[in-house]
$ cat protein_26.cif   # mmCIF, C-alpha atoms
data_run
#
loop_
_atom_site.label_atom_id
_atom_site.label_comp_id
_atom_site.auth_asym_id
_atom_site.auth_seq_id
_atom_site.Cartn_x
_atom_site.Cartn_y
_atom_site.Cartn_z
CA MET A 28 -35.38 -0.65 -41.12
CA ASP A 29 -35.07 -2.79 -37.98
CA LYS A 30 -31.46 -3.94 -37.53
CA THR A 31 -31.93 -5.94 -34.33
CA HIS A 32 -31.89 -9.35 -36.06
CA ARG A 33 -29.26 -8.55 -38.65
CA LEU A 34 -25.78 -10.07 -38.53
CA SER A 35 -22.96 -7.59 -37.98
CA VAL A 36 -20.19 -7.45 -40.60
CA ARG A 37 -16.89 -5.62 -41.01
CA VAL A 38 -15.05 -5.43 -44.34
CA ILE A 39 -11.29 -5.22 -44.91
CA GLU A 40 -10.47 -4.57 -48.58
CA ASN A 41 -7.55 -2.59 -50.01
CA ASP A 42 -9.14 -1.94 -53.42
CA PRO A 43 -11.35 1.15 -52.85
CA ASP A 44 -13.77 0.28 -55.65
CA PHE A 45 -14.25 -3.30 -54.48
CA ARG A 46 -14.53 -2.14 -50.85
CA GLU A 47 -17.28 0.26 -51.91
CA LEU A 48 -19.01 -2.54 -53.84
CA LEU A 49 -18.88 -4.93 -50.87
CA SER A 50 -19.95 -2.24 -48.42
CA GLY A 51 -22.92 -1.33 -50.63
CA ILE A 52 -24.00 -4.97 -50.88
CA PHE A 53 -23.99 -5.39 -47.10
CA GLU A 54 -25.67 -2.02 -46.52
CA ARG A 55 -28.54 -3.02 -48.85
CA SER A 56 -28.84 -6.50 -47.40
CA GLU A 57 -31.72 -7.28 -45.09
CA MET A 58 -29.60 -10.02 -43.47
CA PHE A 59 -26.45 -8.05 -42.61
CA ASP A 60 -25.59 -4.81 -40.83
CA LEU A 61 -22.33 -3.23 -42.04
CA VAL A 62 -20.65 -1.87 -38.90
CA GLY A 63 -17.23 -1.02 -40.34
CA SER A 64 -15.15 -0.89 -43.50
CA TYR A 65 -11.34 -0.61 -43.60
CA GLU A 66 -8.72 -0.14 -46.32
CA SER A 67 -6.14 -2.44 -44.70
CA ILE A 68 -5.49 -4.94 -41.95
CA GLU A 69 -3.45 -2.25 -40.22
CA ALA A 70 -6.37 0.24 -40.26
CA PHE A 71 -8.65 -2.47 -38.89
CA GLY A 72 -6.09 -3.40 -36.22
CA ALA A 73 -5.71 0.21 -35.10
CA GLU A 74 -9.48 0.52 -34.70
CA MET A 75 -9.67 -2.83 -32.91
CA LEU A 76 -7.07 -1.70 -30.35
CA LYS A 77 -9.30 1.26 -29.46
CA HIS A 78 -12.08 -1.17 -28.45
CA LYS A 79 -10.65 -3.41 -25.77
CA PRO A 80 -11.99 -5.89 -24.83
CA SER A 81 -12.38 -6.71 -28.49
CA ASP A 82 -14.91 -9.53 -28.19
CA SER A 83 -17.87 -7.16 -27.72
CA TRP A 84 -16.72 -5.00 -30.65
CA PHE A 85 -16.13 -7.87 -33.07
CA PRO A 86 -18.79 -8.58 -35.67
CA GLN A 87 -20.35 -11.92 -36.41
CA LEU A 88 -18.71 -11.86 -39.85
CA MET A 89 -15.40 -10.51 -41.12
CA VAL A 90 -15.07 -10.09 -44.90
CA VAL A 91 -11.35 -9.92 -45.63
CA ASP A 92 -9.30 -9.54 -48.79
CA VAL A 93 -6.46 -12.00 -48.34
CA MET A 94 -3.90 -9.45 -49.60
CA SER A 95 -5.21 -6.35 -47.81
CA SER A 96 -2.15 -5.56 -45.72
CA THR A 97 0.25 -2.70 -46.37
CA ASP A 98 3.00 -5.12 -45.29
CA PRO A 99 3.68 -7.83 -47.91
CA ARG A 100 4.65 -10.25 -45.13
CA VAL A 101 1.13 -10.15 -43.64
CA GLU A 102 -1.99 -11.61 -45.20
CA GLY A 103 -5.62 -11.58 -44.14
CA ALA A 104 -6.21 -15.30 -43.66
CA SER A 105 -3.39 -15.75 -41.14
CA PHE A 106 -4.44 -12.57 -39.33
CA MET A 107 -8.03 -13.83 -38.96
CA SER A 108 -6.77 -17.24 -37.83
CA ALA A 109 -4.55 -15.57 -35.20
CA LEU A 110 -7.49 -13.55 -33.87
CA ARG A 111 -9.54 -16.73 -33.59
CA ALA A 112 -6.64 -18.41 -31.77
CA GLU A 113 -6.92 -15.60 -29.19
CA GLY A 114 -10.49 -16.76 -28.48
CA LEU A 115 -12.47 -14.34 -30.66
CA ASN A 116 -15.48 -16.01 -32.23
CA PHE A 117 -16.52 -14.81 -35.70
CA ALA A 118 -17.08 -16.19 -39.18
CA THR A 119 -14.74 -15.19 -42.00
CA LEU A 120 -15.37 -14.69 -45.70
CA LEU A 121 -12.00 -14.56 -47.47
CA VAL A 122 -11.91 -12.63 -50.74
CA SER A 123 -9.19 -12.74 -53.40
CA SER A 124 -8.64 -12.60 -57.11
CA MET A 125 -6.30 -15.57 -56.73
CA ASP A 126 -7.32 -19.20 -56.49
CA PHE A 127 -7.54 -20.29 -52.86
CA GLY A 128 -6.01 -23.70 -53.42
CA ALA A 129 -5.12 -25.39 -50.13
CA LEU A 130 -5.51 -22.26 -47.99
CA LEU A 131 -8.98 -23.17 -46.72
CA ARG A 132 -7.89 -26.71 -45.79
CA VAL A 133 -4.96 -25.31 -43.81
CA LEU A 134 -7.17 -22.80 -41.95
CA ARG A 135 -9.74 -25.47 -41.11
CA LYS A 136 -7.08 -27.58 -39.36
CA SER A 137 -6.82 -25.06 -36.52
CA HIS A 138 -10.35 -23.59 -36.71
CA PRO A 139 -12.68 -26.01 -38.50
CA ASN A 140 -15.82 -23.87 -38.84
CA GLY A 141 -16.94 -20.51 -40.10
CA TRP A 142 -14.81 -20.08 -43.22
CA ALA A 143 -15.96 -19.33 -46.74
CA THR A 144 -14.20 -18.01 -49.83
CA LEU A 145 -15.16 -15.72 -52.66
CA GLN A 146 -13.11 -15.20 -55.79
CA LYS A 147 -13.14 -11.69 -57.24
CA THR A 148 -14.27 -11.75 -60.84
CA SER A 149 -15.94 -9.30 -63.18
CA ARG A 150 -19.04 -11.54 -63.08
CA LEU A 151 -19.44 -11.55 -59.31
CA THR A 152 -23.05 -10.90 -58.30
CA GLU A 153 -24.61 -9.48 -55.17
CA ASP A 154 -26.36 -12.81 -54.59
CA GLN A 155 -23.03 -14.66 -54.69
CA VAL A 156 -21.54 -12.33 -52.07
CA ILE A 157 -24.54 -12.72 -49.75
CA GLU A 158 -24.63 -16.49 -50.27
CA ALA A 159 -20.91 -16.86 -49.42
CA ALA A 160 -21.30 -14.61 -46.37
CA SER A 161 -24.34 -16.57 -45.22
CA THR A 162 -22.48 -19.85 -45.63
CA ALA A 163 -19.62 -18.72 -43.38
CA VAL A 164 -21.96 -17.41 -40.66
CA SER A 165 -24.28 -20.41 -40.81
CA GLU A 166 -21.38 -22.83 -40.47
CA MET A 167 -20.05 -20.90 -37.49
CA LEU A 168 -23.41 -20.64 -35.71
CA ASN A 169 -24.34 -24.27 -36.31
CA ASN A 170 -21.05 -25.57 -34.93
CA ASP A 171 -20.52 -23.39 -31.85
#

$ encode --input "protein_26.cif" --output "structure tokens"
Amino acid sequence: MDKTHRLSVRVIENDPDFRELLSGIFERSEMFDLVGSYESIEAFGAEMLKHKPSDSWFPQLMVVDVMSSTDPRVEGASFMSALRAEGLNFATLLVSSMDFGALLRVLRKSHPNGWATLQKTSRLTEDQVIEAASTAVSEMLNND
């Protein structure tokens, strides 16, 4: 399968079953090319540090569980926002079993485009994951 026009994606998810589910969805997708999957923000960060400058290594989409850090003081949304503040340009799909509440509004104040959310439920479908991912990337690309 030709991957030249697919959008690159990296997944950070601490639940191994859900990480496998997300990875499988992106691997099967004709729109996305899964280029990495990590069990924590720390594992992702360690890999990122091996690839300086990071901008050429970064995917077009990061799919991040909000609570995927091994450190309870760190969460995925703030980490992604900090990377964007450093000038990295990528869309972000935030995943959580919790309600997002005001989190998205807060993130959009510093980086208005390229955010989407997905709530983990037992009824989550492959189409919903791809649609949410597409929304984040589309918003980012259309507002660059």

$ resolve_selection --input "protein_26.cif" --expression "the PyMOL selection byres ((chain A and resi 48-63) around 6)" --output "list in words"
Arg33, Leu34, Ser35, Val36, Arg37, Phe45, Arg46, Glu47 and Ser64 of chain A

$ closest_residue --input "protein_26.cif" --among "A:Ser124, A:Ser95, A:Thr119, A:Ser105" --to "Ser161 (chain A)" --atoms "all atoms listed in the file"
A:Thr119

$ resolve_selection --input "protein_26.cif" --expression "the PyMOL selection byres ((chain A and resi 137-143) around 8)" --output "short mmCIF file (atom, residue, chain, number, x, y, z; two decimals) with C-alpha atoms, in the frame of the given file"
data_model
loop_
_atom_site.label_atom_id
_atom_site.label_comp_id
_atom_site.auth_asym_id
_atom_site.auth_seq_id
_atom_site.Cartn_x
_atom_site.Cartn_y
_atom_site.Cartn_z
CA SER A 108 -6.77 -17.24 -37.83
CA ARG A 111 -9.54 -16.73 -33.59
CA PHE A 117 -16.52 -14.81 -35.70
CA ALA A 118 -17.08 -16.19 -39.18
CA THR A 119 -14.74 -15.19 -42.00
CA LEU A 120 -15.37 -14.69 -45.70
CA LEU A 121 -12.00 -14.56 -47.47
CA LEU A 131 -8.98 -23.17 -46.72
CA VAL A 133 -4.96 -25.31 -43.81
CA LEU A 134 -7.17 -22.80 -41.95
CA ARG A 135 -9.74 -25.47 -41.11
CA LYS A 136 -7.08 -27.58 -39.36
CA THR A 144 -14.20 -18.01 -49.83
CA LEU A 145 -15.16 -15.72 -52.66
CA ALA A 159 -20.91 -16.86 -49.42
CA ALA A 160 -21.30 -14.61 -46.37
CA THR A 162 -22.48 -19.85 -45.63
CA ALA A 163 -19.62 -18.72 -43.38
CA VAL A 164 -21.96 -17.41 -40.66
CA SER A 165 -24.28 -20.41 -40.81
CA GLU A 166 -21.38 -22.83 -40.47
CA MET A 167 -20.05 -20.90 -37.49
CA LEU A 168 -23.41 -20.64 -35.71
CA ASN A 170 -21.05 -25.57 -34.93
#

$ atom_distance --input "protein_26.cif" --atom1 "CA of Ser149 (chain A)" --atom2 "CA of Val93 (chain A)"
17.8 Å

$ closest_residue --input "protein_26.cif" --among "A:Ile39, A:Lys77, A:Asp126, A:Asn169" --to "Met107 (chain A)" --atoms "all atoms listed in the file"
A:Ile39

$ atom_distance --input "protein_26.cif" --atom1 "CA of Asn41 (chain A)" --atom2 "CA of Ser67 (chain A)"
5.5 Å

$ atom_distance --input "protein_26.cif" --atom1 "CA of Tyr65 (chain A)" --atom2 "CA of Gly103 (chain A)"
12.4 Å

$ residues_around --input "protein_26.cif" --residues "Ser81 (chain A)" --least-positions-apart "5" --cutoff "12 Å" --atoms "all atoms listed in the file" --output "ChimeraX atom specification"
/A:71-76,86,110-111,113-117

$ closest_residue --input "protein_26.cif" --among "A:Phe127, A:His32, A:Lys147, A:Ala104" --to "Met89 (chain A)" --atoms "only C-alpha atoms"
A:Ala104

$ closest_residue --input "protein_26.cif" --among "A:Asp44, A:Asp82, A:Glu69, A:Asp154" --to "Asp98 (chain A)" --atoms "only C-alpha atoms"
A:Glu69

$ decode --input "protein_26.cif" --residues "region 128-153 of chain A" --atoms "N, CA and C atoms" --output "short mmCIF file (atom, residue, chain, number, x, y, z; two decimals), in the first residue's frame"
data_model
loop_
_atom_site.label_atom_id
_atom_site.label_comp_id
_atom_site.auth_asym_id
_atom_site.auth_seq_id
_atom_site.Cartn_x
_atom_site.Cartn_y
_atom_site.Cartn_z
N GLY A 128 -14.41 18.82 29.78
CA GLY A 128 -14.78 20.08 30.40
C GLY A 128 -14.16 21.27 29.70
N ALA A 129 -13.49 22.12 30.48
CA ALA A 129 -12.91 23.37 29.95
C ALA A 129 -11.51 23.18 29.38
N LEU A 130 -10.96 21.99 29.44
CA LEU A 130 -9.58 21.77 29.01
C LEU A 130 -9.33 22.25 27.58
N LEU A 131 -10.21 21.91 26.67
CA LEU A 131 -10.02 22.30 25.27
C LEU A 131 -10.04 23.82 25.10
N ARG A 132 -10.93 24.50 25.81
CA ARG A 132 -10.99 25.96 25.74
C ARG A 132 -9.68 26.58 26.23
N VAL A 133 -9.12 26.03 27.29
CA VAL A 133 -7.87 26.54 27.84
C VAL A 133 -6.74 26.33 26.83
N LEU A 134 -6.65 25.15 26.23
CA LEU A 134 -5.59 24.86 25.26
C LEU A 134 -5.69 25.77 24.04
N ARG A 135 -6.90 26.03 23.59
CA ARG A 135 -7.11 26.86 22.40
C ARG A 135 -6.72 28.32 22.62
N LYS A 136 -6.63 28.75 23.87
CA LYS A 136 -6.22 30.14 24.13
C LYS A 136 -4.78 30.37 23.69
N SER A 137 -3.91 29.39 23.90
CA SER A 137 -2.51 29.57 23.50
C SER A 137 -2.21 29.02 22.11
N HIS A 138 -2.94 28.01 21.69
CA HIS A 138 -2.77 27.39 20.37
C HIS A 138 -4.16 27.09 19.83
N PRO A 139 -4.74 27.99 19.06
CA PRO A 139 -6.15 27.90 18.70
C PRO A 139 -6.55 26.71 17.82
N ASN A 140 -5.64 26.17 17.03
CA ASN A 140 -6.05 25.18 16.02
C ASN A 140 -5.39 23.82 16.22
N GLY A 141 -6.05 22.81 15.67
CA GLY A 141 -5.45 21.49 15.63
C GLY A 141 -5.68 20.62 16.86
N TRP A 142 -6.74 20.88 17.59
CA TRP A 142 -7.09 20.07 18.76
C TRP A 142 -8.40 19.34 18.51
N ALA A 143 -8.48 18.12 18.97
CA ALA A 143 -9.73 17.38 19.00
C ALA A 143 -9.70 16.48 20.22
N THR A 144 -10.87 16.04 20.65
CA THR A 144 -10.95 15.17 21.82
C THR A 144 -11.74 13.92 21.49
N LEU A 145 -11.46 12.89 22.25
CA LEU A 145 -12.14 11.61 22.08
C LEU A 145 -12.29 10.99 23.46
N GLN A 146 -13.51 10.71 23.84
CA GLN A 146 -13.75 10.10 25.14
C GLN A 146 -13.77 8.59 25.00
N LYS A 147 -12.97 7.92 25.84
CA LYS A 147 -12.92 6.46 25.84
C LYS A 147 -14.24 5.92 26.39
N THR A 148 -14.89 5.10 25.62
CA THR A 148 -16.08 4.40 26.08
C THR A 148 -16.06 2.99 25.50
N SER A 149 -16.91 2.15 26.03
CA SER A 149 -16.99 0.78 25.51
C SER A 149 -17.65 0.75 24.14
N ARG A 150 -18.29 1.84 23.75
CA ARG A 150 -18.99 1.91 22.45
C ARG A 150 -18.19 2.66 21.38
N LEU A 151 -16.97 2.99 21.67
CA LEU A 151 -16.14 3.73 20.72
C LEU A 151 -15.91 2.91 19.46
N THR A 152 -16.12 3.53 18.31
CA THR A 152 -15.95 2.81 17.04
C THR A 152 -14.70 3.30 16.30
N GLU A 153 -14.25 2.48 15.38
CA GLU A 153 -13.11 2.84 14.55
C GLU A 153 -13.40 4.12 13.77
#
